[in-house]
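**Student:** Sharing a structure here in structure tokens format.
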Amino acid sequence: MTDALVFKKESRLKEVVRRLKKDRLAMFGLAVICVMILFALMAGLIVPYDTALKMNLKLKLALPSWAGGPAGYWFGCDGYGRDLFARCLHGSRISLLIGFATSIATLAVGSLLGALVGYVGGKLDDLVMRALDIFSAIPSTLFAMAVVAAMGPGIVNICIAISLTNIPGFVRIVRSSVLNIAEQEYIEAARAGGASILYILVKHVLPNTVGTLIVQTTANVASMILTAATLSFLGLGINPPQPEWGALVSEGKEFLRTAPHLILFPGVMICVASFSMSVLGDGLRDALDPRLRN
Amino acid sequence: MHRFIFRRLLMMIPIVIGVSFLIFIIIDMIPGDPGSNLLGPGARQEDIDMLNEELGYNLPLFQRYGKYVYDALFRLDLGKSYATKKPVVTEIANRLPISLTVAFNAILFSLVFGVPLGVLSAVKQNTIFDRIPTGLALLLAAQPAFLIGLVLMLIFSLRLGWFPANGVASWKSYVMPMIALGLPYGGRQLRFTRSSMLETIRQDYVRTARAKGAAPRLVIWKHAMKNALLPVITVAGNSFGILIGGAIATETLFGLPGLGSFIVAGIKQKDVPVVTGGIIVFAVVFSFVILAVDLSYAFVDPRIRAKYSGRRD
């Protein structure tokens, strides 16, 4: 019997992968995001981190090398004469890290809390949902900014702040799909068999929400990259000399008239990363649940 | 129906109290005190202490919060800004209309291009009229509003000089913020409309309408549209919070004296009354938007109307 079970799981995964492979746009997104992650991981090997911080006033606002700028500076230089390519590349480490780390933190906390309140229900459900109502009534950007201001700048604190703003929505989604599952007969059977709440949650309830979780988390990465960029753009994000895409756009806006390439490159990075993640999310949704495919 | 509205209004009270308490505590945790922030690094400690006392900041946190709630409830007074000494209520009254104008214009703009294109792409599924709008929507939804704003600013104010890049001089000042905020939002709107429409046109009643010989155009616009738009309204209302988030960056970028940029400045200066008051007002506005969405739902859909006027829940 165990064999049959394992075989079934494998075939479902294979089927999802097969469907995903057919979706050209989703595969394109996956490829792009993989390349971006690879570049971010190897950033130090391509250009040393010091290059991203080294100022050279002679190169202030230099154009990209292919547009008549100094050789070797593919994206040109910023207002302090720092190599923009190096800053974008090293910025991708921080931006992508924030995007993925916050999504995973949201997934971990949100899915457990959502499954718990959805399954247990009653007073706990009321209490948690009313508390979440309070969180969702606060505009998320402002809430995240206040939390970052209170805890101080830094990547970990930004991640905490952004995750906090996204957990309520995630809890709601997981809760509503758990509410459906909790009514199924196999859950009743497990409960009648004397299984503990935690066992039922981890073994029966959560596995059935995996599709929702994956799709939501992938979509979250895209929106968190945008949120992180907006926070840095507003000046409450990472510490200034450190490069981050949103912060780079913010620095570049001072020179919008004379050197628009300063916002062009980090801006394109933000869009490409966010776009790739959302097409991948769409593809995953269709692959996991073909009924949803329109 | 009245009972439903009344109950929903009552539910706002604990939310507003919770929001005020949460924000009060978080802002209090920001390092530093308003006295030294205002007087700058060279100030004498006595002056700092005196200013803090004048602002009422010397009292313990819970005492300050208690006074804040008392003033807010019984005197409709949200305190004075630490930085400008002006009453927060008047500042908000001056700034909220600007933020709301930007937000509602953006919603309107996003609906105006998102909904028709969404319907078009659903009706012409898998043709070029589907692929182009859907691709465009994906691309737009992947943009942060401030980036579109910067590009618009570069083209239409710095290069062409059509619209002002800063401040509120006339209606022209609202055009670029509206587009910057409305485009990414409209991309999402388009996608929702499309999937909602696709689901609806497969329903039995749509097939029935077709079968009895109603004109295809009539079936789409009368039978399907009304039902397909319900989820679209909800999404439009519920993402108001996201929109306000984007509006803050847009306001800051275009130098609009709205509520969002006011609160951002308040966070940076640890101006407790400004941040708490401003966020409470946003929370109330947001709650009213959600209520309005639910009511409009009831207005359009008799099934939901029956549910609201019936027993509780």
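Residues are named by chain letter and number: chains run A, B, ... in the order of the structure tokens, numbers start at 1 in each chain, and ligands are numbered from 1 in the order shown.
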Using only C-alpha atoms, determine which residues of chain A fall within 8 Å of chain B; present them as a ChimeraX atom specification.

**Tutor:** /A:130,133-142,145-147,149-152,222-223,226,229-230,233-234,249,253,256-257,260,267,270-272,274-275,278-279,294

**Student:** Give me, as a PyMOL selection string, all polymer residues having an atom no more than 6 Å from range 165-178 of chain B, counting only C-alpha atoms and skipping those fewer than 4 positions away in the same chain.

**Tutor:** chain B and resi 102+105-106+157+182+254-256

**Student:** My list of candidates is A:Lys203, A:Arg12, A:Arg175, A:Lys21. Which is closest to Leu284 in chain A when distances are computed with only C-alpha atoms?

**Tutor:** A:Lys21

**Student:** Using DSSP secondary structure from the backbone, list all alpha helix (DSSP H) positions within range 47-244 of chain A, as a ChimeraX atom specification.

**Tutor:** /A:49-53,84-120,122-137,140-151,155-182,185-192,197-200,206-208,210-233

**Student:** Name the residues in contact with Met197 in chain B at a cut-off of 8 Å, using only C-alpha atoms, excluding same-chain residues fewer than 3 positions from it; report them as a compact mmCIF listing (two decimals) with C-alpha atoms, in the first residue's frame.

**Tutor:**
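Wrote it out as selection_6.txt, contents follow:
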```
# COMPACT_ATOMS: atom_id res chain seq x y z
CA GLY B 118 -10.29 42.57 -19.39
CA VAL B 119 -13.70 41.87 -20.92
CA ALA B 122 -11.94 37.18 -22.05
CA VAL B 123 -14.40 37.35 -24.93
CA THR B 193 -11.79 41.10 -14.88
CA ARG B 194 -10.56 38.62 -17.46
CA THR B 200 -19.00 33.77 -15.90
CA ILE B 201 -19.41 33.20 -19.61
CA ALA B 224 -22.36 38.23 -18.04
CA MET B 225 -20.94 41.66 -17.17
CA ALA B 228 -18.47 39.13 -13.60
CA LEU B 229 -17.97 42.60 -12.19
```

**Student:** Can you pull out the residues contacting Tyr68 in chain B? Cut-off 12 Å, using only C-alpha atoms, and skip same-chain residues under 5 positions away; I want them as a PyMOL selection string.

**Tutor:** chain B and resi 17+20-21+24+56-57+59+61-63+73-80+272-274+276-277

**Student:** Deliver the residues from the most recent selection as a file, using N, CA, C and O atoms, as a short mmCIF file (atom, residue, chain, number, x, y, z; two decimals), in the first residue's frame.

**Tutor:**
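To be explicit, this is the file written out as selection-v8.cif:
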```cif
data_model
loop_
_atom_site.label_atom_id
_atom_site.label_comp_id
_atom_site.auth_asym_id
_atom_site.auth_seq_id
_atom_site.Cartn_x
_atom_site.Cartn_y
_atom_site.Cartn_z
N ILE B 17 -9.36 51.61 17.77
CA ILE B 17 -8.62 51.63 19.04
C ILE B 17 -7.37 50.77 18.94
O ILE B 17 -6.28 51.18 19.33
N SER B 20 -4.73 52.55 16.83
CA SER B 20 -4.09 53.66 17.52
C SER B 20 -3.10 53.15 18.56
O SER B 20 -1.98 53.66 18.66
N PHE B 21 -3.49 52.10 19.28
CA PHE B 21 -2.60 51.56 20.32
C PHE B 21 -1.33 50.98 19.70
O PHE B 21 -0.21 51.29 20.13
N PHE B 24 0.85 53.78 18.30
CA PHE B 24 1.41 54.56 19.40
C PHE B 24 2.64 53.86 19.98
O PHE B 24 3.68 54.47 20.20
N GLY B 56 4.54 67.25 26.41
CA GLY B 56 3.87 66.18 27.17
C GLY B 56 4.57 64.85 26.98
O GLY B 56 4.01 63.80 27.29
N TYR B 57 5.80 64.88 26.47
CA TYR B 57 6.48 63.62 26.17
C TYR B 57 7.16 63.03 27.41
O TYR B 57 7.59 61.89 27.41
N LEU B 59 5.79 62.25 30.21
CA LEU B 59 4.94 61.30 30.94
C LEU B 59 5.20 59.88 30.47
O LEU B 59 5.69 59.66 29.36
N LEU B 61 4.48 56.14 28.92
CA LEU B 61 3.78 55.79 27.68
C LEU B 61 2.29 55.63 27.86
O LEU B 61 1.50 56.21 27.12
N PHE B 62 1.86 54.85 28.87
CA PHE B 62 0.43 54.54 28.97
C PHE B 62 -0.38 55.75 29.38
O PHE B 62 -1.51 55.91 28.97
N GLN B 63 0.24 56.61 30.19
CA GLN B 63 -0.44 57.84 30.58
C GLN B 63 -0.65 58.72 29.34
O GLN B 63 -1.72 59.31 29.15
N LEU B 73 -11.48 61.13 21.88
CA LEU B 73 -12.89 60.75 21.99
C LEU B 73 -13.77 61.90 22.44
O LEU B 73 -14.84 62.12 21.89
N PHE B 74 -13.31 62.63 23.47
CA PHE B 74 -14.21 63.60 24.08
C PHE B 74 -14.00 65.01 23.58
O PHE B 74 -14.86 65.87 23.74
N ARG B 75 -12.85 65.30 22.99
CA ARG B 75 -12.63 66.66 22.50
C ARG B 75 -12.35 66.68 21.00
O ARG B 75 -12.05 67.74 20.45
N LEU B 76 -12.43 65.49 20.37
CA LEU B 76 -12.13 65.37 18.94
C LEU B 76 -10.82 66.05 18.57
O LEU B 76 -10.70 66.72 17.56
N ASP B 77 -9.85 65.88 19.47
CA ASP B 77 -8.57 66.55 19.31
C ASP B 77 -7.49 65.47 19.16
O ASP B 77 -7.36 64.62 20.04
N LEU B 78 -6.79 65.48 18.05
CA LEU B 78 -5.75 64.46 17.85
C LEU B 78 -4.38 64.99 18.24
O LEU B 78 -3.36 64.47 17.82
N GLY B 79 -4.34 66.04 19.03
CA GLY B 79 -3.06 66.56 19.50
C GLY B 79 -2.42 67.51 18.49
O GLY B 79 -2.98 67.79 17.43
N LYS B 80 -1.24 68.01 18.87
CA LYS B 80 -0.52 68.92 17.98
C LYS B 80 0.74 68.25 17.48
O LYS B 80 1.36 67.46 18.20
N VAL B 272 4.82 61.58 17.19
CA VAL B 272 3.80 60.60 17.57
C VAL B 272 2.38 61.03 17.18
O VAL B 272 1.65 60.26 16.55
N PRO B 273 1.95 62.27 17.52
CA PRO B 273 0.56 62.63 17.17
C PRO B 273 0.31 62.60 15.67
O PRO B 273 -0.77 62.16 15.24
N VAL B 274 1.28 63.06 14.88
CA VAL B 274 1.09 63.09 13.43
C VAL B 274 0.90 61.68 12.88
O VAL B 274 -0.07 61.40 12.15
N THR B 276 0.20 58.76 14.50
CA THR B 276 -0.98 58.06 15.02
C THR B 276 -2.25 58.61 14.40
O THR B 276 -3.09 57.85 13.89
N GLY B 277 -2.39 59.95 14.43
CA GLY B 277 -3.60 60.56 13.88
C GLY B 277 -3.77 60.24 12.41
O GLY B 277 -4.85 59.84 11.96
#
```

**Student:** Between CA of Ser110 in chain B and CA of Arg95 in chain B, what is the spacing in Å?

**Tutor:**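 Taking CA of Arg95 in chain B as the start and CA of Ser110 in chain B as the end point, the length is 23.0 Å.
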
**Student:** Return the single residue from A:Met269, A:Val120, A:Ile94, A:Leu107 that is closest to Ile238 in chain A, with distances computed using only C-alpha atoms.

**Tutor:** A:Ile94

**Student:** For CA of Phe143 in chain A and CA of Gly169 in chain A, quote the distance in Å rounded to one decimal.

**Tutor:** 14.3 Å
